[in-house]
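Q: Hey, dropping coords-v9.cif in here, mmCIF, C-alpha atoms, pLDDT in the B column; chains and numbers go by the auth columns:
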```cif
data_protein
#
loop_
_atom_site.group_PDB
_atom_site.id
_atom_site.type_symbol
_atom_site.label_atom_id
_atom_site.label_comp_id
_atom_site.label_asym_id
_atom_site.label_seq_id
_atom_site.Cartn_x
_atom_site.Cartn_y
_atom_site.Cartn_z
_atom_site.B_iso_or_equiv
_atom_site.auth_seq_id
_atom_site.auth_asym_id
ATOM 1 C CA GLY A 1 87.363 93.181 155.660 27.00 136 G
ATOM 2 C CA SER A 2 85.830 93.078 152.249 32.00 137 G
ATOM 3 C CA GLU A 3 88.147 92.837 149.258 35.00 138 G
ATOM 4 C CA MET A 4 85.522 93.949 146.746 37.00 139 G
ATOM 5 C CA CYS A 5 86.942 96.161 144.041 38.00 140 G
ATOM 6 C CA ILE A 6 84.788 99.258 144.481 38.00 141 G
ATOM 7 C CA ARG A 7 86.367 102.705 144.504 39.00 142 G
ATOM 8 C CA ASP A 8 85.414 106.324 144.007 45.00 143 G
ATOM 9 C CA ARG A 9 85.473 107.803 140.531 48.00 144 G
ATOM 10 C CA ILE A 10 88.282 110.168 139.636 54.00 145 G
ATOM 11 C CA MET A 11 86.792 113.072 137.718 60.00 146 G
ATOM 12 C CA PRO A 12 88.523 116.212 136.373 60.00 147 G
ATOM 13 C CA ALA A 13 88.676 119.214 138.654 59.00 148 G
ATOM 14 C CA GLY A 14 85.496 121.240 138.468 61.00 149 G
ATOM 15 C CA TYR A 15 83.420 118.387 137.029 66.00 150 G
ATOM 16 C CA THR A 16 80.457 117.971 139.339 69.00 151 G
ATOM 17 C CA GLU A 17 78.248 115.492 137.458 71.00 152 G
ATOM 18 C CA ARG A 18 77.942 111.957 138.805 78.00 153 G
ATOM 19 C CA TRP A 19 78.373 110.560 135.304 84.00 154 G
ATOM 20 C CA ILE A 20 79.592 111.926 131.981 86.00 155 G
ATOM 21 C CA GLN A 21 76.870 113.460 129.860 84.00 156 G
ATOM 22 C CA GLY A 22 77.380 114.544 126.282 84.00 157 G
ATOM 23 C CA PRO A 23 77.713 115.629 123.652 87.00 158 G
ATOM 24 C CA GLY A 24 80.264 118.342 124.262 87.00 159 G
ATOM 25 C CA ASP A 25 83.959 119.173 124.293 86.00 160 G
ATOM 26 C CA HIS A 26 84.182 118.080 127.932 84.00 161 G
ATOM 27 C CA VAL A 27 83.487 114.402 127.245 87.00 162 G
ATOM 28 C CA GLY A 28 87.049 113.430 126.245 86.00 163 G
ATOM 29 C CA SER A 29 88.775 115.013 129.235 84.00 164 G
ATOM 30 C CA ALA A 30 86.102 113.790 131.645 84.00 165 G
ATOM 31 C CA PHE A 31 86.434 110.212 130.414 85.00 166 G
ATOM 32 C CA SER A 32 90.246 110.376 130.538 83.00 167 G
ATOM 33 C CA GLY A 33 90.044 111.448 134.164 81.00 168 G
ATOM 34 C CA ALA A 34 87.471 108.840 135.135 79.00 169 G
ATOM 35 C CA ALA A 35 89.398 106.051 133.405 79.00 170 G
ATOM 36 C CA GLN A 36 92.573 106.563 135.460 78.00 171 G
ATOM 37 C CA LEU A 37 91.922 103.658 137.814 73.00 172 G
ATOM 38 C CA GLY A 38 95.346 101.996 137.920 71.00 173 G
ATOM 39 C CA THR A 39 96.042 98.329 138.573 68.00 174 G
ATOM 40 C CA SER A 40 96.699 98.293 142.314 68.00 175 G
ATOM 41 C CA GLY A 41 93.235 97.164 143.421 64.00 176 G
ATOM 42 C CA CYS A 42 92.295 93.680 144.494 64.00 177 G
ATOM 43 C CA GLY A 43 93.230 90.887 142.107 66.00 178 G
ATOM 44 C CA SER A 44 89.815 89.261 141.920 74.00 179 G
ATOM 45 C CA GLU A 45 88.231 90.534 138.727 84.00 180 G
ATOM 46 C CA MET A 46 84.460 91.010 139.092 89.00 181 G
ATOM 47 C CA PRO A 47 83.172 93.152 136.206 94.00 182 G
ATOM 48 C CA LEU A 48 79.709 91.556 136.180 96.00 183 G
ATOM 49 C CA TYR A 49 79.372 92.080 139.927 93.00 184 G
ATOM 50 C CA ALA A 50 80.404 95.719 139.408 92.00 185 G
ATOM 51 C CA VAL A 51 77.733 96.143 136.714 95.00 186 G
ATOM 52 C CA GLU A 52 75.038 94.894 139.078 95.00 187 G
ATOM 53 C CA HIS A 53 76.272 97.062 141.948 92.00 188 G
ATOM 54 C CA ALA A 54 76.455 100.156 139.760 93.00 189 G
ATOM 55 C CA LEU A 55 72.955 99.744 138.324 95.00 190 G
ATOM 56 C CA SER A 56 70.932 97.962 140.992 94.00 191 G
ATOM 57 C CA PRO A 57 68.329 99.959 142.958 93.00 192 G
ATOM 58 C CA GLU A 58 69.528 97.982 145.990 91.00 193 G
ATOM 59 C CA TYR A 59 73.065 99.315 145.685 90.00 194 G
ATOM 60 C CA GLN A 60 74.631 102.290 143.876 91.00 195 G
ATOM 61 C CA ALA A 61 71.503 103.210 141.895 92.00 196 G
ATOM 62 C CA GLY A 62 69.198 103.324 144.920 92.00 197 G
ATOM 63 C CA PRO A 63 67.619 106.485 146.379 93.00 198 G
ATOM 64 C CA GLY A 64 70.312 108.872 147.524 91.00 199 G
ATOM 65 C CA MET A 65 73.096 106.758 146.015 91.00 200 G
ATOM 66 C CA PRO A 66 75.617 108.009 143.409 87.00 201 G
ATOM 67 C CA ASN A 67 73.935 106.441 140.379 90.00 202 G
ATOM 68 C CA GLN A 68 70.342 107.305 141.208 91.00 203 G
ATOM 69 C CA ASN A 69 68.382 108.199 138.034 91.00 204 G
ATOM 70 C CA PHE A 70 71.143 106.940 135.727 92.00 205 G
ATOM 71 C CA ILE A 71 68.718 104.490 134.087 92.00 206 G
ATOM 72 C CA ARG A 72 66.124 106.537 132.171 89.00 207 G
ATOM 73 C CA ASP A 73 62.805 105.367 130.832 87.00 208 G
ATOM 74 C CA ASN A 74 62.978 104.226 127.195 87.00 209 G
ATOM 75 C CA SER A 75 66.776 104.243 127.259 90.00 210 G
ATOM 76 C CA LEU A 76 69.130 101.647 125.792 93.00 211 G
ATOM 77 C CA LEU A 77 71.843 100.478 128.193 95.00 212 G
ATOM 78 C CA MET A 78 75.266 99.594 126.767 94.00 213 G
ATOM 79 C CA VAL A 79 77.606 97.606 129.013 96.00 214 G
ATOM 80 C CA ILE A 80 81.284 97.683 127.994 94.00 215 G
ATOM 81 C CA ILE A 81 83.830 95.478 129.780 94.00 216 G
ATOM 82 C CA LEU A 82 87.563 95.780 129.076 90.00 217 G
ATOM 83 C CA THR A 83 89.784 93.319 130.933 88.00 218 G
ATOM 84 C CA ASP A 84 92.756 91.003 130.482 85.00 219 G
ATOM 85 C CA GLU A 85 91.296 88.447 132.907 86.00 220 G
ATOM 86 C CA ASP A 86 88.044 86.555 133.364 90.00 221 G
ATOM 87 C CA ASP A 87 85.052 87.451 135.500 92.00 222 G
ATOM 88 C CA CYS A 88 85.123 85.876 138.977 88.00 223 G
ATOM 89 C CA SER A 89 82.097 87.593 140.490 90.00 224 G
ATOM 90 C CA THR A 90 81.139 86.415 143.951 86.00 225 G
ATOM 91 C CA GLU A 91 79.074 87.731 146.823 83.00 226 G
ATOM 92 C CA LEU A 92 81.478 86.456 149.466 75.00 227 G
ATOM 93 C CA ASP A 93 82.298 89.081 152.095 67.00 228 G
ATOM 94 C CA GLU A 94 85.971 88.137 151.944 59.00 229 G
ATOM 95 C CA ILE A 95 88.068 86.944 149.037 57.00 230 G
ATOM 96 C CA GLU A 96 90.692 84.375 149.885 55.00 231 G
ATOM 97 C CA ASP A 97 94.085 84.633 148.195 49.00 232 G
ATOM 98 C CA GLN A 98 93.600 81.415 146.249 48.00 233 G
ATOM 99 C CA MET A 99 90.420 82.787 144.668 50.00 234 G
ATOM 100 C CA CYS A 100 92.168 85.769 143.091 48.00 235 G
ATOM 101 C CA MET A 101 93.346 85.732 139.514 45.00 236 G
ATOM 102 C CA ASP A 102 97.018 84.852 139.540 45.00 237 G
ATOM 103 C CA ILE A 103 99.358 82.729 137.464 43.00 238 G
ATOM 104 C CA MET A 104 100.049 80.693 140.613 43.00 239 G
ATOM 105 C CA HIS A 105 96.344 79.960 141.116 45.00 240 G
ATOM 106 C CA PRO A 106 95.989 76.305 142.177 43.00 241 G
ATOM 107 C CA PHE A 107 93.476 75.740 139.389 44.00 242 G
ATOM 108 C CA ALA A 108 95.659 77.281 136.694 45.00 243 G
ATOM 109 C CA SER A 109 95.722 75.136 133.600 47.00 244 G
ATOM 110 C CA THR A 110 98.784 74.112 131.654 43.00 245 G
ATOM 111 C CA THR A 111 98.011 76.865 129.142 49.00 246 G
ATOM 112 C CA GLY A 112 98.555 79.565 131.746 51.00 247 G
ATOM 113 C CA ASP A 113 94.876 80.303 132.309 58.00 248 G
ATOM 114 C CA ALA A 114 93.928 81.025 135.888 58.00 249 G
ATOM 115 C CA GLY A 115 90.989 82.018 137.976 68.00 250 G
ATOM 116 C CA CYS A 116 87.551 80.718 138.833 81.00 251 G
ATOM 117 C CA THR A 117 87.167 78.176 136.022 84.00 252 G
ATOM 118 C CA ASP A 118 88.991 75.030 135.077 80.00 253 G
ATOM 119 C CA ALA A 119 90.805 74.638 131.776 77.00 254 G
ATOM 120 C CA ASP A 120 87.521 73.739 130.066 82.00 255 G
ATOM 121 C CA GLY A 121 85.779 76.891 131.309 86.00 256 G
ATOM 122 C CA ASN A 122 83.644 75.291 134.023 88.00 257 G
ATOM 123 C CA ASP A 123 83.171 77.185 137.284 88.00 258 G
ATOM 124 C CA ILE A 124 85.300 75.553 139.969 82.00 259 G
ATOM 125 C CA SER A 125 83.061 76.504 142.875 84.00 260 G
ATOM 126 C CA ASP A 126 79.480 77.405 143.728 88.00 261 G
ATOM 127 C CA ASP A 127 80.896 80.517 145.413 86.00 262 G
ATOM 128 C CA TYR A 128 80.959 82.219 142.012 89.00 263 G
ATOM 129 C CA MET A 129 77.700 83.743 140.816 93.00 264 G
ATOM 130 C CA PRO A 130 76.318 82.038 137.696 95.00 265 G
ATOM 131 C CA VAL A 131 76.635 84.125 134.530 96.00 266 G
ATOM 132 C CA THR A 132 72.902 83.642 134.016 97.00 267 G
ATOM 133 C CA HIS A 133 72.275 85.633 137.200 97.00 268 G
ATOM 134 C CA TYR A 134 73.643 88.769 135.539 97.00 269 G
ATOM 135 C CA LEU A 135 71.775 88.163 132.300 98.00 270 G
ATOM 136 C CA SER A 136 68.530 87.908 134.277 98.00 271 G
ATOM 137 C CA PHE A 137 69.412 90.982 136.333 97.00 272 G
ATOM 138 C CA LEU A 138 69.906 93.142 133.235 98.00 273 G
ATOM 139 C CA ASP A 139 66.802 91.739 131.552 97.00 274 G
ATOM 140 C CA ASP A 140 64.665 92.540 134.590 97.00 275 G
ATOM 141 C CA LEU A 141 66.267 95.951 135.124 96.00 276 G
ATOM 142 C CA MET A 142 65.808 97.123 131.539 95.00 277 G
ATOM 143 C CA GLY A 143 62.531 95.386 130.777 93.00 278 G
ATOM 144 C CA GLY A 144 63.825 92.908 128.226 93.00 279 G
ATOM 145 C CA ARG A 145 66.888 91.747 126.305 91.00 280 G
ATOM 146 C CA ASN A 146 66.241 94.217 123.470 92.00 281 G
ATOM 147 C CA HIS A 147 66.687 97.154 125.881 94.00 282 G
ATOM 148 C CA TRP A 148 70.381 96.546 126.594 95.00 283 G
ATOM 149 C CA ALA A 149 73.528 95.508 124.780 95.00 284 G
ATOM 150 C CA ALA A 150 77.016 94.415 125.814 95.00 285 G
ATOM 151 C CA ALA A 151 80.528 94.554 124.398 95.00 286 G
ATOM 152 C CA VAL A 152 83.372 92.631 126.023 95.00 287 G
ATOM 153 C CA ILE A 153 87.032 93.105 125.145 92.00 288 G
ATOM 154 C CA ALA A 154 88.958 90.287 126.827 91.00 289 G
ATOM 155 C CA GLY A 155 91.057 87.208 126.131 89.00 290 G
ATOM 156 C CA ARG A 156 89.515 84.780 123.685 89.00 291 G
ATOM 157 C CA SER A 157 92.352 82.487 124.677 85.00 292 G
ATOM 158 C CA SER A 158 95.434 82.713 126.870 82.00 293 G
ATOM 159 C CA CYS A 159 97.877 85.004 125.103 80.00 294 G
ATOM 160 C CA GLU A 160 100.565 87.628 125.297 77.00 295 G
ATOM 161 C CA SER A 161 100.122 91.012 123.673 69.00 296 G
ATOM 162 C CA SER A 162 101.324 94.594 123.737 68.00 297 G
ATOM 163 C CA TYR A 163 98.892 95.101 126.607 65.00 298 G
ATOM 164 C CA GLY A 164 100.485 92.301 128.653 67.00 299 G
ATOM 165 C CA ASN A 165 99.332 88.765 129.329 76.00 300 G
ATOM 166 C CA ALA A 166 95.663 87.847 129.056 82.00 301 G
ATOM 167 C CA TYR A 167 93.801 84.840 130.391 84.00 302 G
ATOM 168 C CA THR A 168 90.977 83.083 128.589 88.00 303 G
ATOM 169 C CA ALA A 169 87.746 84.821 129.633 92.00 304 G
ATOM 170 C CA HIS A 170 85.581 81.698 129.776 93.00 305 G
ATOM 171 C CA ARG A 171 82.772 83.244 131.851 94.00 306 G
ATOM 172 C CA LEU A 172 82.716 86.487 129.856 96.00 307 G
ATOM 173 C CA LEU A 173 82.532 84.470 126.643 96.00 308 G
ATOM 174 C CA ARG A 174 79.504 82.655 128.082 96.00 309 G
ATOM 175 C CA PHE A 175 78.021 86.002 129.079 97.00 310 G
ATOM 176 C CA VAL A 176 78.265 87.402 125.539 97.00 311 G
ATOM 177 C CA GLU A 177 76.894 84.164 124.087 97.00 312 G
ATOM 178 C CA GLY A 178 73.934 84.540 126.436 96.00 313 G
ATOM 179 C CA VAL A 179 73.365 88.138 125.365 96.00 314 G
ATOM 180 C CA GLY A 180 72.852 86.976 121.790 95.00 315 G
ATOM 181 C CA GLU A 181 72.490 89.448 118.926 93.00 316 G
ATOM 182 C CA ASN A 182 73.020 92.443 121.220 94.00 317 G
ATOM 183 C CA GLY A 183 76.385 91.119 122.412 95.00 318 G
ATOM 184 C CA VAL A 184 79.855 91.286 120.892 94.00 319 G
ATOM 185 C CA PHE A 185 83.174 89.812 122.080 95.00 320 G
ATOM 186 C CA HIS A 186 86.525 91.071 120.829 92.00 321 G
ATOM 187 C CA ASP A 187 89.943 89.605 121.582 90.00 322 G
ATOM 188 C CA ILE A 188 92.120 91.962 123.628 88.00 323 G
ATOM 189 C CA CYS A 189 95.188 90.302 122.082 84.00 324 G
ATOM 190 C CA SER A 190 94.326 91.501 118.589 81.00 325 G
ATOM 191 C CA HIS A 191 96.732 94.452 119.137 73.00 326 G
ATOM 192 C CA ASP A 192 94.077 96.869 117.883 77.00 327 G
ATOM 193 C CA LEU A 193 91.479 98.167 120.319 81.00 328 G
ATOM 194 C CA SER A 194 90.059 100.573 117.726 86.00 329 G
ATOM 195 C CA SER A 195 88.486 97.675 115.819 85.00 330 G
ATOM 196 C CA ALA A 196 87.039 96.368 119.092 84.00 331 G
ATOM 197 C CA LEU A 197 85.459 99.725 119.841 86.00 332 G
ATOM 198 C CA ASP A 198 84.155 99.948 116.282 89.00 333 G
ATOM 199 C CA ALA A 199 82.507 96.549 116.795 86.00 334 G
ATOM 200 C CA ALA A 200 81.003 97.777 120.078 87.00 335 G
ATOM 201 C CA LEU A 201 79.653 100.871 118.335 89.00 336 G
ATOM 202 C CA GLY A 202 78.208 98.741 115.561 90.00 337 G
ATOM 203 C CA THR A 203 76.427 96.534 118.079 89.00 338 G
ATOM 204 C CA LEU A 204 75.097 99.595 119.899 88.00 339 G
ATOM 205 C CA THR A 205 73.844 101.094 116.628 90.00 340 G
ATOM 206 C CA VAL A 206 71.987 97.915 115.670 90.00 341 G
ATOM 207 C CA ALA A 207 70.512 97.626 119.175 88.00 342 G
ATOM 208 C CA CYS A 208 69.306 101.223 118.938 88.00 343 G
ATOM 209 C CA ASP A 209 67.722 100.611 115.557 88.00 344 G
ATOM 210 C CA GLU A 210 65.895 97.515 116.844 86.00 345 G
ATOM 211 C CA TYR A 211 64.901 99.004 120.193 85.00 346 G
ATOM 212 C CA GLU A 212 61.198 98.404 120.907 82.00 347 G
#
```
Show me this structure written as structure tokens.
A:
Amino acid sequence: GSEMCIRDRIMPAGYTERWIQGPGDHVGSAFSGAAQLGTSGCGSEMPLYAVEHALSPEYQAGPGMPNQNFIRDNSLLMVIILTDEDDCSTELDEIEDQMCMDIMHPFASTTGDAGCTDADGNDISDDYMPVTHYLSFLDDLMGGRNHWAAAVIAGRSSCESSYGNAYTAHRLLRFVEGVGENGVFHDICSHDLSSALDAALGTLTVACDEYE
């Protein structure tokens, strides 16, 4: 069966909305509940694939689906990705063990990086969706690059931190570079996520101010 990492949201008891809407005192508790995802899912990290599935009219945002009407006219979309691994998005129906992020990955470099790229950051297989596919998807969905922004908190290089080990996020780095002025990348090994979130907020604020 499919090993795609898709699961139901965990929302606080009594919260009936399909997504968190603010402002209000409920936002903090609702987010805390929804963020309790754990780490026992599949080991193939696919944040960009998840973004497309969550927002695409063909998938979760289609008629009758959980995220229908999430994208509003004249709205700015902010994509935030927090991960200690790289993106390995694929549309394969099954994920083989050797394709999952693991320190024993056969393509792991001598620096401890592992996953769907070689040590230089090149995709090791055509099975992985090009990063440009997701840039084009978001551009088409939102009507232009100035209608969405992205913040990625991941490994700028292979490292160890208080959050555990992180692998170099080669593909996510390429994604943020492709986003351009509306994109920001922050190193998860900086030991301070508050500065990363401040940078994300700053990027969102600028994108809002320049929204056409």
Q: Which residues, named as in the file, does the PyMOL selection byres ((chain G and resi 166) around 10) pick out? Answer as a list in words.
A: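 This file gives the following for the PyMOL selection byres ((chain G and resi 166) around 10): Ile145, Met146, Pro147, Trp154, Ile155, His161, Val162, Gly163, Ser164, Ala165, Ser167, Gly168, Ala169, Ala170 and Gln171 of chain G.
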Q: Rounded to one decimal in Å, what is the spacing between CA of Phe310 (chain G) and CA of Asn204 (chain G)?
A: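 Atom-to-atom, CA of Phe310 (chain G) and CA of Asn204 (chain G) are spaced 25.8 Å apart.
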Q: For a test of reading the model, state the distance in Å between CA of Pro182 (chain G) and CA of Cys223 (chain G), rounded to one decimal.
A: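 It comes out at 8.0 Å.
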Q: Find the residue from G:Thr225, G:Ser330, G:Asn317, G:Gln156 that sits nearest to Leu212 (chain G); use all atoms listed in the file when measuring.
A: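 Counting all atoms listed in the file, the residue closest to Leu212 (chain G) is G:Asn317.
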Q: Using all atoms listed in the file, pick whichever of G:Asp274, G:Asp261, G:Glu316, G:Asp221 has the shortest atom-to-atom distance to Thr303 (chain G).
A: G:Asp221
Q: One number please: CA of Asp255 (chain G) to CA of His305 (chain G), in Å, one decimal.
A: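 So the two atoms, CA of Asp255 (chain G) and CA of His305 (chain G), lie 8.2 Å apart.
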Q: Choose the residue, out of G:Asp258, G:Glu347, G:Asp333, G:Asp219, that has the smallest atom-to-atom separation from Cys294 (chain G); count only C-alpha atoms.
A: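 Counting only C-alpha atoms, the residue closest to Cys294 (chain G) is G:Asp219.
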Q: Compile the contact shell of Ser191 (chain G) as a ChimeraX atom specification: residues with an atom at most 12 Å away, counting only C-alpha atoms, same-chain residues fewer than 2 positions apart removed.
A: /G:183-189,193-198,200-206,269,272-273,275-277
Q: Please write the residues from the selection above to a file, keeping C-alpha atoms, as a tab-separated table (two decimals), keeping the file's coordinate frame.
A:
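Result written to part.tsv:
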```tsv
chain	number	residue	atom	x	y	z
G	183	LEU	CA	79.71	91.56	136.18
G	184	TYR	CA	79.37	92.08	139.93
G	185	ALA	CA	80.40	95.72	139.41
G	186	VAL	CA	77.73	96.14	136.71
G	187	GLU	CA	75.04	94.89	139.08
G	188	HIS	CA	76.27	97.06	141.95
G	189	ALA	CA	76.46	100.16	139.76
G	193	GLU	CA	69.53	97.98	145.99
G	194	TYR	CA	73.06	99.32	145.68
G	195	GLN	CA	74.63	102.29	143.88
G	196	ALA	CA	71.50	103.21	141.90
G	197	GLY	CA	69.20	103.32	144.92
G	198	PRO	CA	67.62	106.48	146.38
G	200	MET	CA	73.10	106.76	146.01
G	201	PRO	CA	75.62	108.01	143.41
G	202	ASN	CA	73.94	106.44	140.38
G	203	GLN	CA	70.34	107.30	141.21
G	204	ASN	CA	68.38	108.20	138.03
G	205	PHE	CA	71.14	106.94	135.73
G	206	ILE	CA	68.72	104.49	134.09
G	269	TYR	CA	73.64	88.77	135.54
G	272	PHE	CA	69.41	90.98	136.33
G	273	LEU	CA	69.91	93.14	133.24
G	275	ASP	CA	64.67	92.54	134.59
G	276	LEU	CA	66.27	95.95	135.12
G	277	MET	CA	65.81	97.12	131.54
```
Q: Identify which of the residues G:Ala334, G:Leu227, G:Ala254, G:Met213 lies closest to Val314 (chain G), counting all atoms listed in the file when measuring atom-to-atom distances.
A: G:Met213
Q: In terms of the shortest atom-to-atom distance over all atoms listed in the file, which of G:Arg309, G:His326, G:His321, G:Arg207 is closest to His282 (chain G)?
A: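 The shortest atom-to-atom distance to His282 (chain G) comes from G:Arg207.
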Q: Would you translate the PyMOL selection byres ((chain G and resi 346) around 12) into the concrete set of residues it matches in this file, as a PDB file with C-alpha atoms, in the frame of the given file?
A:
```pdb
ATOM      1  CA  ASN G 209      62.978 104.226 127.195  1.00 87.00           C
ATOM      2  CA  SER G 210      66.776 104.243 127.259  1.00 90.00           C
ATOM      3  CA  LEU G 211      69.130 101.647 125.792  1.00 93.00           C
ATOM      4  CA  LEU G 212      71.843 100.478 128.193  1.00 95.00           C
ATOM      5  CA  MET G 277      65.808  97.123 131.539  1.00 95.00           C
ATOM      6  CA  GLY G 278      62.531  95.386 130.777  1.00 93.00           C
ATOM      7  CA  GLY G 279      63.825  92.908 128.226  1.00 93.00           C
ATOM      8  CA  ARG G 280      66.888  91.747 126.305  1.00 91.00           C
ATOM      9  CA  ASN G 281      66.241  94.217 123.470  1.00 92.00           C
ATOM     10  CA  HIS G 282      66.687  97.154 125.881  1.00 94.00           C
ATOM     11  CA  TRP G 283      70.381  96.546 126.594  1.00 95.00           C
ATOM     12  CA  ALA G 284      73.528  95.508 124.780  1.00 95.00           C
ATOM     13  CA  ASN G 317      73.020  92.443 121.220  1.00 94.00           C
ATOM     14  CA  THR G 338      76.427  96.534 118.079  1.00 89.00           C
ATOM     15  CA  LEU G 339      75.097  99.595 119.899  1.00 88.00           C
ATOM     16  CA  THR G 340      73.844 101.094 116.628  1.00 90.00           C
ATOM     17  CA  VAL G 341      71.987  97.915 115.670  1.00 90.00           C
ATOM     18  CA  ALA G 342      70.512  97.626 119.175  1.00 88.00           C
ATOM     19  CA  CYS G 343      69.306 101.223 118.938  1.00 88.00           C
ATOM     20  CA  ASP G 344      67.722 100.611 115.557  1.00 88.00           C
ATOM     21  CA  GLU G 345      65.895  97.515 116.844  1.00 86.00           C
ATOM     22  CA  GLU G 347      61.198  98.404 120.907  1.00 82.00           C
TER      23      GLU G 347
END
```
Q: From the set G:Leu172, G:Val214, G:Leu328, G:Ile323, which residue has the shortest atom-to-atom contact distance to Leu190 (chain G), counting only C-alpha atoms?
A: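 So, comparing all the options, the nearest one is G:Val214.
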